[in-house]
$ cat start06.txt   # compact mmCIF, C-alpha atoms and all ligand atoms
# COMPACT_ATOMS: atom_id res chain seq x y z
CA MET A 1 3.41 -16.79 0.96
CA ALA A 2 7.07 -15.78 1.44
CA LYS A 3 9.02 -17.02 4.43
CA GLN A 4 9.13 -14.88 7.56
CA ASN A 5 12.30 -12.81 7.87
CA ILE A 6 14.68 -14.54 10.25
CA ASP A 7 15.25 -11.26 12.01
CA LYS A 8 11.99 -10.42 13.78
CA LYS A 9 13.18 -6.82 14.16
CA ILE A 10 12.81 -6.28 10.44
CA PRO A 11 9.20 -5.98 9.31
CA GLN A 12 8.61 -8.31 6.40
CA HIS A 13 5.70 -6.19 5.19
CA VAL A 14 5.51 -2.41 5.62
CA ALA A 15 2.38 -0.56 4.52
CA ILE A 16 2.38 3.23 4.10
CA ILE A 17 -0.43 5.77 3.99
CA MET A 18 1.45 8.31 1.89
CA ASP A 19 -0.27 11.48 3.08
CA GLY A 20 0.65 15.15 2.81
CA ASN A 21 1.40 15.72 -0.87
CA GLY A 22 -1.16 18.51 -1.21
CA ARG A 23 0.03 20.39 1.87
CA TRP A 24 3.65 20.02 0.77
CA ALA A 25 2.79 21.74 -2.53
CA GLN A 26 0.62 24.42 -0.92
CA GLN A 27 3.37 25.30 1.56
CA ARG A 28 5.55 26.07 -1.47
CA GLY A 29 2.93 28.09 -3.32
CA MET A 30 2.52 25.28 -5.86
CA GLU A 31 -0.58 23.51 -7.13
CA ARG A 32 -1.53 20.24 -5.41
CA PRO A 33 -0.53 18.00 -8.37
CA GLU A 34 3.05 19.25 -7.92
CA GLY A 35 2.94 17.59 -4.53
CA HIS A 36 1.96 14.30 -6.13
CA ILE A 37 4.92 14.58 -8.53
CA ALA A 38 7.20 15.08 -5.53
CA GLY A 39 5.41 12.11 -3.95
CA VAL A 40 6.54 9.86 -6.79
CA GLU A 41 10.16 10.86 -6.04
CA ALA A 42 9.59 9.80 -2.45
CA VAL A 43 8.20 6.44 -3.62
CA ARG A 44 11.36 5.84 -5.66
CA ARG A 45 13.58 6.75 -2.67
CA VAL A 46 11.65 4.75 -0.12
CA LEU A 47 11.45 1.66 -2.32
CA LYS A 48 15.25 1.62 -2.60
CA ALA A 49 15.61 2.17 1.13
CA ALA A 50 13.14 -0.63 1.86
CA VAL A 51 15.28 -3.08 -0.12
CA VAL A 52 18.32 -2.06 1.94
CA GLU A 53 16.34 -2.52 5.18
CA GLY A 54 15.34 -6.05 4.14
CA VAL A 55 11.62 -5.37 3.71
CA LYS A 56 9.99 -7.84 1.29
CA TYR A 57 6.53 -6.27 0.78
CA LEU A 58 5.76 -2.55 0.66
CA THR A 59 2.10 -1.63 0.27
CA LEU A 60 1.60 2.00 -0.73
CA TYR A 61 -1.79 3.69 -0.43
CA THR A 62 -1.84 5.49 -3.76
CA PHE A 63 -5.49 6.39 -4.44
CA SER A 64 -8.51 5.59 -2.30
CA THR A 65 -12.06 4.93 -3.49
CA GLU A 66 -12.95 8.19 -1.68
CA ASN A 67 -10.31 10.17 -3.59
CA TRP A 68 -12.61 10.22 -6.66
CA GLY A 69 -14.45 13.02 -4.83
CA ARG A 70 -11.50 15.41 -5.30
CA PRO A 71 -11.52 18.07 -8.03
CA LYS A 72 -11.52 16.46 -11.47
CA GLU A 73 -8.20 18.08 -12.45
CA GLU A 74 -6.45 16.59 -9.43
CA VAL A 75 -7.88 13.10 -10.05
CA GLU A 76 -6.84 13.29 -13.71
CA ALA A 77 -3.38 14.50 -12.75
CA ILE A 78 -2.92 11.55 -10.37
CA MET A 79 -4.06 8.99 -12.98
CA GLU A 80 -1.83 10.58 -15.62
CA LEU A 81 1.09 10.57 -13.21
CA PHE A 82 0.55 6.88 -12.54
CA CYS A 83 0.69 6.07 -16.27
CA LYS A 84 3.75 8.26 -16.87
CA SER A 85 5.53 6.78 -13.86
CA VAL A 86 4.97 3.24 -15.16
CA VAL A 87 6.71 4.19 -18.41
CA ALA A 88 9.53 6.06 -16.69
CA GLU A 89 10.21 3.65 -13.82
CA THR A 90 9.69 0.16 -15.25
CA PRO A 91 13.22 -0.32 -16.70
CA GLU A 92 14.81 0.61 -13.37
CA LEU A 93 12.38 -1.58 -11.42
CA LYS A 94 13.24 -4.52 -13.66
CA SER A 95 16.96 -4.01 -13.29
CA GLN A 96 16.60 -3.78 -9.50
CA GLY A 97 14.65 -7.05 -9.25
CA VAL A 98 11.45 -5.32 -8.13
CA ARG A 99 8.10 -7.03 -8.69
CA ALA A 100 5.35 -4.39 -8.81
CA LYS A 101 1.72 -5.24 -8.07
CA ILE A 102 -1.46 -3.19 -8.03
CA MET A 103 -4.29 -3.85 -5.57
CA GLY A 104 -7.80 -2.43 -5.74
CA ASP A 105 -10.98 -2.36 -7.81
CA ARG A 106 -9.81 -2.14 -11.40
CA SER A 107 -13.33 -1.91 -12.83
CA ALA A 108 -13.66 1.83 -12.13
CA LEU A 109 -10.22 2.64 -13.55
CA SER A 110 -9.95 3.76 -17.16
CA GLU A 111 -8.85 1.44 -19.93
CA LYS A 112 -5.63 3.39 -20.16
CA VAL A 113 -4.82 2.97 -16.47
CA ASN A 114 -5.68 -0.75 -16.73
CA HIS A 115 -3.30 -1.02 -19.65
CA TYR A 116 -0.44 0.44 -17.59
CA ILE A 117 -1.30 -1.82 -14.65
CA ASP A 118 -0.99 -4.86 -16.92
CA ARG A 119 2.21 -3.48 -18.33
CA ILE A 120 4.03 -2.86 -15.05
CA GLU A 121 2.84 -6.16 -13.54
CA SER A 122 3.84 -8.27 -16.51
CA GLU A 123 7.17 -6.54 -17.15
CA THR A 124 8.29 -6.86 -13.54
CA ALA A 125 6.78 -10.30 -12.83
CA ASP A 126 10.18 -11.96 -12.33
CA GLY A 127 11.44 -9.57 -9.62
CA GLU A 128 12.39 -11.29 -6.37
CA ARG A 129 13.96 -8.65 -4.17
CA ILE A 130 10.88 -6.72 -3.08
CA THR A 131 7.19 -6.49 -3.97
CA PRO A 132 5.73 -2.99 -3.85
CA ILE A 133 1.92 -3.17 -3.92
CA PHE A 134 0.22 0.02 -5.08
CA ALA A 135 -3.27 0.32 -3.59
CA LEU A 136 -5.12 2.06 -6.41
CA ASN A 137 -8.85 2.67 -6.21
CA TYR A 138 -8.60 0.79 -2.96
CA SER A 139 -10.44 1.00 0.32
CA SER A 140 -10.92 -1.60 3.00
CA ARG A 141 -14.70 -1.42 3.21
CA HIS A 142 -14.96 -1.72 -0.55
CA GLU A 143 -12.56 -4.67 -0.56
CA ILE A 144 -14.44 -6.43 2.24
CA THR A 145 -17.84 -5.70 0.63
CA GLU A 146 -16.69 -7.15 -2.69
CA THR A 147 -15.30 -10.21 -0.91
CA PHE A 148 -18.57 -10.77 0.96
CA LYS A 149 -20.58 -10.48 -2.26
CA GLN A 150 -18.36 -12.95 -4.01
CA MET A 151 -18.44 -15.42 -1.13
CA ALA A 152 -22.22 -15.09 -0.74
CA GLN A 153 -22.54 -15.91 -4.43
CA ARG A 154 -20.52 -19.08 -3.94
CA VAL A 155 -22.63 -20.04 -0.92
CA ALA A 156 -25.80 -19.49 -3.00
CA GLU A 157 -24.39 -21.74 -5.73
CA GLY A 158 -23.58 -24.43 -3.18
CA LYS A 159 -19.84 -24.09 -3.83
CA LEU A 160 -18.97 -22.78 -0.37
CA ALA A 161 -20.27 -24.19 2.90
CA PRO A 162 -21.06 -21.40 5.44
CA GLU A 163 -19.48 -23.46 8.25
CA SER A 164 -16.19 -23.60 6.32
CA ILE A 165 -15.83 -19.80 6.44
CA THR A 166 -13.00 -18.90 8.78
CA SER A 167 -10.94 -15.74 9.12
CA GLU A 168 -8.25 -17.46 6.99
CA VAL A 169 -10.80 -18.12 4.26
CA ILE A 170 -11.83 -14.45 4.32
CA SER A 171 -8.15 -13.38 4.10
CA GLN A 172 -7.71 -15.70 1.13
CA ASN A 173 -10.53 -13.93 -0.69
CA LEU A 174 -9.37 -10.35 -0.21
CA TYR A 175 -7.39 -8.41 -2.83
CA SER A 176 -4.39 -8.95 -0.56
CA CYS A 177 -4.65 -12.76 -0.60
CA ASP A 178 -1.12 -13.24 -1.95
CA TYR A 179 0.63 -11.17 0.70
CA PRO A 180 1.26 -11.56 4.42
CA ASP A 181 -0.46 -9.10 6.76
CA PRO A 182 1.51 -5.89 7.27
CA ASP A 183 3.81 -5.91 10.29
CA LEU A 184 4.13 -2.14 10.33
CA VAL A 185 1.70 0.52 9.08
CA ILE A 186 3.18 4.00 8.69
CA ARG A 187 1.12 7.15 8.16
CA THR A 188 2.90 10.31 7.11
CA GLY A 189 1.39 13.81 7.16
CA GLY A 190 0.45 14.05 10.81
CA GLU A 191 -3.05 12.55 10.87
CA TYR A 192 -3.91 9.74 13.28
CA ARG A 193 -6.31 7.62 11.25
CA LEU A 194 -6.39 4.70 8.85
CA SER A 195 -8.68 6.33 6.25
CA ASN A 196 -10.09 2.98 5.12
CA PHE A 197 -6.71 1.31 4.60
CA LEU A 198 -6.05 -2.42 5.26
CA MET A 199 -8.50 -2.53 8.17
CA TRP A 200 -8.81 -6.31 8.13
CA GLN A 201 -5.13 -6.98 7.48
CA SER A 202 -3.79 -4.57 10.12
CA ALA A 203 -5.56 -6.27 13.05
CA TYR A 204 -2.18 -6.89 14.71
CA SER A 205 0.05 -4.47 12.82
CA GLU A 206 2.21 -1.99 14.67
CA LEU A 207 1.16 1.58 13.87
CA TYR A 208 3.59 4.46 13.38
CA PHE A 209 2.57 8.06 12.79
CA THR A 210 4.89 10.86 11.70
CA PRO A 211 4.23 14.54 10.96
CA THR A 212 6.66 14.36 8.02
CA LEU A 213 4.80 15.07 4.78
CA TRP A 214 5.13 12.26 2.26
CA PRO A 215 7.33 14.15 -0.26
CA ASP A 216 9.84 14.75 2.57
CA PHE A 217 9.90 11.11 3.73
CA ASP A 218 13.29 9.58 3.00
CA LYS A 219 15.54 6.66 3.89
CA GLU A 220 16.30 8.08 7.35
CA SER A 221 12.57 8.45 8.00
CA LEU A 222 11.99 4.83 7.02
CA HIS A 223 14.90 3.71 9.17
CA GLU A 224 13.47 5.59 12.17
CA ALA A 225 10.11 3.90 11.69
CA ILE A 226 11.76 0.47 11.49
CA GLU A 227 13.82 1.21 14.62
CA ALA A 228 10.62 2.12 16.43
CA TYR A 229 9.08 -1.14 15.21
CA ALA A 230 12.10 -3.12 16.44
CA GLY A 231 11.48 -1.77 19.93
CA ARG A 232 7.84 -2.87 20.01
CA ASN A 233 6.62 -5.96 21.81
CA ARG A 234 4.04 -7.81 19.72
CA ARG A 235 1.93 -9.93 22.03
CA TYR A 236 -1.05 -10.90 19.85
CA GLY A 237 -3.27 -11.02 22.89
CA LEU A 238 -0.99 -13.40 24.79
CA VAL A 239 1.21 -12.88 27.82
CA GLU A 240 4.91 -12.30 27.42
CA ALA A 241 7.12 -15.42 27.35
CA LYS A 242 9.51 -15.51 30.36
C1 LIG B 1 -1.85 11.88 -0.30
O1 LIG B 1 -1.64 13.24 -0.19
C2 LIG B 1 -1.98 11.45 -1.74
C3 LIG B 1 -3.35 11.08 -2.16
C4 LIG B 1 -4.39 11.01 -1.36
C5 LIG B 1 -3.55 10.78 -3.55
P1 LIG B 1 -2.85 14.27 -0.13
O2 LIG B 1 -3.16 14.69 -1.52
O3 LIG B 1 -3.98 13.72 0.63
O4 LIG B 1 -2.19 15.47 0.66
P2 LIG B 1 -2.84 16.35 1.78
O5 LIG B 1 -3.29 15.44 2.88
O6 LIG B 1 -4.00 17.08 1.15
O7 LIG B 1 -1.75 17.28 2.21
C1 LIG B 2 -5.46 8.59 2.43
O1 LIG B 2 -5.23 9.94 2.44
C2 LIG B 2 -5.43 8.08 1.00
C3 LIG B 2 -4.12 8.02 0.39
C4 LIG B 2 -2.99 8.30 0.97
C5 LIG B 2 -4.10 7.54 -0.99
P1 LIG B 2 -6.43 11.01 2.39
O2 LIG B 2 -5.80 12.33 2.39
O3 LIG B 2 -7.35 10.69 1.29
O4 LIG B 2 -7.18 10.70 3.77
P2 LIG B 2 -8.01 11.68 4.71
O5 LIG B 2 -8.99 12.41 3.82
O6 LIG B 2 -7.04 12.60 5.36
O7 LIG B 2 -8.66 10.79 5.71
MG MG B 3 -4.48 13.76 2.62
$ encode --input "start06.txt" --output "structure tokens"
Amino acid sequence: MAKQNIDKKIPQHVAIIMDGNGRWAQQRGMERPEGHIAGVEAVRRVLKAAVVEGVKYLTLYTFSTENWGRPKEEVEAIMELFCKSVVAETPELKSQGVRAKIMGDRSALSEKVNHYIDRIESETADGERITPIFALNYSSRHEITETFKQMAQRVAEGKLAPESITSEVISQNLYSCDYPDPDLVIRTGGEYRLSNFLMWQSAYSELYFTPTLWPDFDKESLHEAIEAYAGRNRRYGLVEAK
């Protein structure tokens, strides 16, 4: 796990529910996939801005396990856009020292998408400036269910003692085991919900909601969210130190 930022005012890990792509497109008389294309531009912008802010981990909710229920054309467009973006963005990510990771259930993703996941992760593996984590075919309940199944299996095989299960052990078995918990969770697009995102990991995260639609989110928007975070008082259930 990376060291905590010295400056407590800078969140080490920011997680974003990138919502509002569809509405952004519809407001412009465009088809919803156009909104996702604009959303990729916002990812590029915000990733650069996050480096400048000193953020080390940036988890981006890219596609939820529930999003499979959308019209087939939209799902296909999102998957295609992911693959195309890997090809288009990888050289720049490498040159910027970005290490890209994907988090989620890969088994339901096509062979092609899995190929591009391997490609972006291996080609950017040496990056040290920032780790964006794309949550793809991700949802918290699915992640926790898979973790429980896997741990129950190990208990059944006598490889895991039930009394040794602590909240740390559970954290170490989630998809997110290599990353610290998010300090700040941002949701764009005006809704006030988590939509099955990082529910275990965000137990003590600061939450920030903005009506800005994801394709309009920019470096100033990120800075505002981080300023708001800097003004928060994280108590973790304790009383304030005098
Ligand atoms: C978020 O934007 C992107 C994904 C869920 C893939 P939406 O597509 O949910 O946009 P709205 O909420 O319909 O505007
Ligand atoms: C959450 O947005 C998922 C992603 C941003 C990938 P949704 O648009 O799917 O969430 P709901 O339907 O508003 O809860
Ligand atoms: Mg939405």
$ residues_near_ligand --input "start06.txt" --ligand "ligand LIG 2 (chain B)" --cutoff "6 Å" --atoms "only C-alpha atoms and all ligand atoms" --output "NGL selection string"
:A and (17-19 or 61-64 or 67 or 195)
$ residues_around --input "start06.txt" --residues "A:Met151" --least-positions-apart "4" --cutoff "9 Å" --atoms "all atoms listed in the file" --output "ChimeraX atom specification"
/A:146-147,155-156,160,170,173
$ residues_near_ligand --input "start06.txt" --ligand "ligand MG 3 (chain B)" --cutoff "9 Å" --atoms "all atoms listed in the file" --output "PDB file with C-alpha atoms, in the coordinates of the input"
ATOM      1  CA  MET A  18       1.450   8.310   1.890  1.00  0.00           C
ATOM      2  CA  ASP A  19      -0.270  11.480   3.080  1.00  0.00           C
ATOM      3  CA  GLY A  20       0.650  15.150   2.810  1.00  0.00           C
ATOM      4  CA  ASN A  21       1.400  15.720  -0.870  1.00  0.00           C
ATOM      5  CA  GLY A  22      -1.160  18.510  -1.210  1.00  0.00           C
ATOM      6  CA  ARG A  23       0.030  20.390   1.870  1.00  0.00           C
ATOM      7  CA  GLY A 189       1.390  13.810   7.160  1.00  0.00           C
ATOM      8  CA  GLU A 191      -3.050  12.550  10.870  1.00  0.00           C
TER       9      GLU A 191
END
$ residues_around --input "start06.txt" --residues "A:Ser122" --least-positions-apart "6" --cutoff "10 Å" --atoms "all atoms listed in the file" --output "JSON, numbers by chain"
{"A": [99, 100, 101, 116]}
$ residues_around --input "start06.txt" --residues "A:Ala38" --least-positions-apart "2" --cutoff "9 Å" --atoms "all atoms listed in the file" --output "JSON, numbers by chain"
{"A": [21, 24, 25, 33, 34, 35, 36, 40, 41, 42, 43, 214, 215, 216]}
$ atom_distance --input "start06.txt" --atom1 "atom CA of A:Phe148" --atom2 "atom CA of A:Asp178"
17.9 Å
$ residues_around --input "start06.txt" --residues "A:Val46" --least-positions-apart "2" --cutoff "10 Å" --atoms "all atoms listed in the file" --output "MDAnalysis selection string"
chainID A and resid 40:44 48:52 58 217:223
$ axis_aligned_box --input "start06.txt" --around "stretch 85-97 of chain A" --padding-each-side "5 Å" --output "JSON"
{"center_x": 11.0, "center_y": -0.1, "center_z": -13.8, "size_x": 22.0, "size_y": 23.8, "size_z": 19.2}
$ closest_residue --input "start06.txt" --among "A:Lys112, A:Arg234, A:Arg106, A:Lys94" --to "A:Arg129" --atoms "all atoms listed in the file"
A:Lys94
$ closest_residue --input "start06.txt" --among "A:Gln12, A:Ser205, A:Gln26, A:Asn196" --to "ligand LIG 1 (chain B)" --atoms "only C-alpha atoms and all ligand atoms"
A:Gln26
$ closest_residue --input "start06.txt" --among "A:Arg235, A:His115, A:Arg32, A:Thr212" --to "A:Pro71" --atoms "only C-alpha atoms"
A:Arg32
$ closest_residue --input "start06.txt" --among "A:Ile120, A:Ile165, A:Leu198, A:Ala108" --to "A:Glu89" --atoms "only C-alpha atoms"
A:Ile120
$ closest_residue --input "start06.txt" --among "A:Leu174, A:Leu213, A:Ile130, A:Val113" --to "ligand LIG 1 (chain B)" --atoms "only C-alpha atoms and all ligand atoms"
A:Leu213
$ atom_distance --input "start06.txt" --atom1 "atom CA of A:Leu93" --atom2 "atom CA of A:Val75"
25.1 Å
$ closest_residue --input "start06.txt" --among "A:Thr131, A:Thr145, A:Asn114, A:Ser95" --to "A:Trp200" --atoms "only C-alpha atoms"
A:Thr145
$ atom_distance --input "start06.txt" --atom1 "atom CA of A:Pro211" --atom2 "atom CA of A:Thr188"
5.9 Å
$ residues_around --input "start06.txt" --residues "A:Met103" --least-positions-apart "4" --cutoff "7 Å" --atoms "all atoms listed in the file" --output "list in words"
Ile133, Phe134, Ala135, Leu136, Tyr138 and Tyr175 of chain A
$ residues_near_point --input "start06.txt" --point "(-10.2, -9.9, 15.5)" --cutoff "12 Å" --atoms "only C-alpha atoms" --output "ChimeraX atom specification"
/A:166-168,199-205,236-237
$ decode --input "start06.txt" --residues "stretch 147-158 of chain A" --atoms "all heavy atoms" --output "mmCIF file, in the first residue's frame"
data_model
loop_
_atom_site.group_PDB
_atom_site.id
_atom_site.type_symbol
_atom_site.label_atom_id
_atom_site.label_comp_id
_atom_site.auth_asym_id
_atom_site.auth_seq_id
_atom_site.Cartn_x
_atom_site.Cartn_y
_atom_site.Cartn_z
ATOM 1 N N THR A 147 -16.367 -12.408 -2.945
ATOM 2 C CA THR A 147 -15.376 -12.534 -1.871
ATOM 3 C C THR A 147 -15.858 -13.530 -0.817
ATOM 4 O O THR A 147 -15.095 -14.380 -0.360
ATOM 5 C CB THR A 147 -15.119 -11.140 -1.248
ATOM 6 O OG1 THR A 147 -14.583 -10.321 -2.275
ATOM 7 C CG2 THR A 147 -14.160 -11.195 -0.086
ATOM 8 N N PHE A 148 -17.133 -13.442 -0.456
ATOM 9 C CA PHE A 148 -17.688 -14.370 0.542
ATOM 10 C C PHE A 148 -17.600 -15.804 0.029
ATOM 11 O O PHE A 148 -17.227 -16.715 0.755
ATOM 12 C CB PHE A 148 -19.148 -14.020 0.847
ATOM 13 C CG PHE A 148 -19.309 -12.908 1.852
ATOM 14 C CD1 PHE A 148 -18.243 -12.099 2.198
ATOM 15 C CD2 PHE A 148 -20.541 -12.675 2.451
ATOM 16 C CE1 PHE A 148 -18.390 -11.062 3.116
ATOM 17 C CE2 PHE A 148 -20.701 -11.637 3.375
ATOM 18 C CZ PHE A 148 -19.630 -10.833 3.710
ATOM 19 N N LYS A 149 -17.956 -15.998 -1.231
ATOM 20 C CA LYS A 149 -17.930 -17.352 -1.809
ATOM 21 C C LYS A 149 -16.527 -17.927 -1.731
ATOM 22 O O LYS A 149 -16.319 -19.065 -1.316
ATOM 23 C CB LYS A 149 -18.340 -17.293 -3.289
ATOM 24 C CG LYS A 149 -19.810 -17.523 -3.511
ATOM 25 C CD LYS A 149 -20.026 -17.830 -4.977
ATOM 26 C CE LYS A 149 -20.959 -16.810 -5.566
ATOM 27 N NZ LYS A 149 -21.056 -16.786 -6.995
ATOM 28 N N GLN A 150 -15.574 -17.087 -2.131
ATOM 29 C CA GLN A 150 -14.189 -17.533 -2.167
ATOM 30 C C GLN A 150 -13.662 -17.837 -0.760
ATOM 31 O O GLN A 150 -12.988 -18.842 -0.547
ATOM 32 C CB GLN A 150 -13.415 -16.366 -2.797
ATOM 33 C CG GLN A 150 -12.063 -16.657 -3.320
ATOM 34 C CD GLN A 150 -11.223 -15.424 -3.058
ATOM 35 O OE1 GLN A 150 -10.605 -15.313 -1.996
ATOM 36 N NE2 GLN A 150 -11.220 -14.486 -4.019
ATOM 37 N N MET A 151 -14.041 -16.998 0.197
ATOM 38 C CA MET A 151 -13.580 -17.226 1.567
ATOM 39 C C MET A 151 -14.270 -18.455 2.168
ATOM 40 O O MET A 151 -13.633 -19.238 2.885
ATOM 41 C CB MET A 151 -13.806 -15.973 2.421
ATOM 42 C CG MET A 151 -12.832 -14.860 2.034
ATOM 43 S SD MET A 151 -13.139 -13.293 2.860
ATOM 44 C CE MET A 151 -12.743 -13.694 4.522
ATOM 45 N N ALA A 152 -15.543 -18.634 1.861
ATOM 46 C CA ALA A 152 -16.280 -19.802 2.377
ATOM 47 C C ALA A 152 -15.635 -21.086 1.852
ATOM 48 O O ALA A 152 -15.512 -22.084 2.569
ATOM 49 C CB ALA A 152 -17.748 -19.729 1.959
ATOM 50 N N GLN A 153 -15.215 -21.031 0.598
ATOM 51 C CA GLN A 153 -14.533 -22.185 -0.005
ATOM 52 C C GLN A 153 -13.263 -22.526 0.777
ATOM 53 O O GLN A 153 -13.000 -23.682 1.089
ATOM 54 C CB GLN A 153 -14.207 -21.834 -1.471
ATOM 55 C CG GLN A 153 -13.532 -22.927 -2.266
ATOM 56 C CD GLN A 153 -14.461 -24.125 -2.480
ATOM 57 O OE1 GLN A 153 -15.679 -23.945 -2.622
ATOM 58 N NE2 GLN A 153 -13.914 -25.318 -2.461
ATOM 59 N N ARG A 154 -12.512 -21.482 1.118
ATOM 60 C CA ARG A 154 -11.262 -21.717 1.857
ATOM 61 C C ARG A 154 -11.525 -22.220 3.273
ATOM 62 O O ARG A 154 -10.775 -23.024 3.805
ATOM 63 C CB ARG A 154 -10.397 -20.457 1.838
ATOM 64 C CG ARG A 154 -9.701 -20.397 0.481
ATOM 65 C CD ARG A 154 -8.921 -19.159 0.139
ATOM 66 N NE ARG A 154 -8.352 -18.437 1.225
ATOM 67 C CZ ARG A 154 -8.430 -17.117 1.348
ATOM 68 N NH1 ARG A 154 -9.109 -16.407 0.454
ATOM 69 N NH2 ARG A 154 -7.857 -16.501 2.334
ATOM 70 N N VAL A 155 -12.629 -21.753 3.864
ATOM 71 C CA VAL A 155 -13.014 -22.269 5.193
ATOM 72 C C VAL A 155 -13.351 -23.757 5.048
ATOM 73 O O VAL A 155 -12.871 -24.601 5.810
ATOM 74 C CB VAL A 155 -14.206 -21.477 5.781
ATOM 75 C CG1 VAL A 155 -14.777 -22.189 7.010
ATOM 76 C CG2 VAL A 155 -13.776 -20.055 6.155
ATOM 77 N N ALA A 156 -14.147 -24.088 4.013
ATOM 78 C CA ALA A 156 -14.568 -25.482 3.805
ATOM 79 C C ALA A 156 -13.356 -26.393 3.591
ATOM 80 O O ALA A 156 -13.356 -27.547 4.023
ATOM 81 C CB ALA A 156 -15.519 -25.567 2.614
ATOM 82 N N GLU A 157 -12.334 -25.854 2.966
ATOM 83 C CA GLU A 157 -11.125 -26.667 2.700
ATOM 84 C C GLU A 157 -10.166 -26.678 3.888
ATOM 85 O O GLU A 157 -9.078 -27.254 3.803
ATOM 86 C CB GLU A 157 -10.390 -26.100 1.472
ATOM 87 C CG GLU A 157 -11.140 -26.327 0.175
ATOM 88 C CD GLU A 157 -10.579 -25.497 -0.981
ATOM 89 O OE1 GLU A 157 -9.636 -24.700 -0.757
ATOM 90 O OE2 GLU A 157 -11.110 -25.648 -2.098
ATOM 91 N N GLY A 158 -10.536 -25.986 4.940
ATOM 92 C CA GLY A 158 -9.690 -25.935 6.136
ATOM 93 C C GLY A 158 -8.495 -25.009 5.986
ATOM 94 O O GLY A 158 -7.552 -25.062 6.783
#
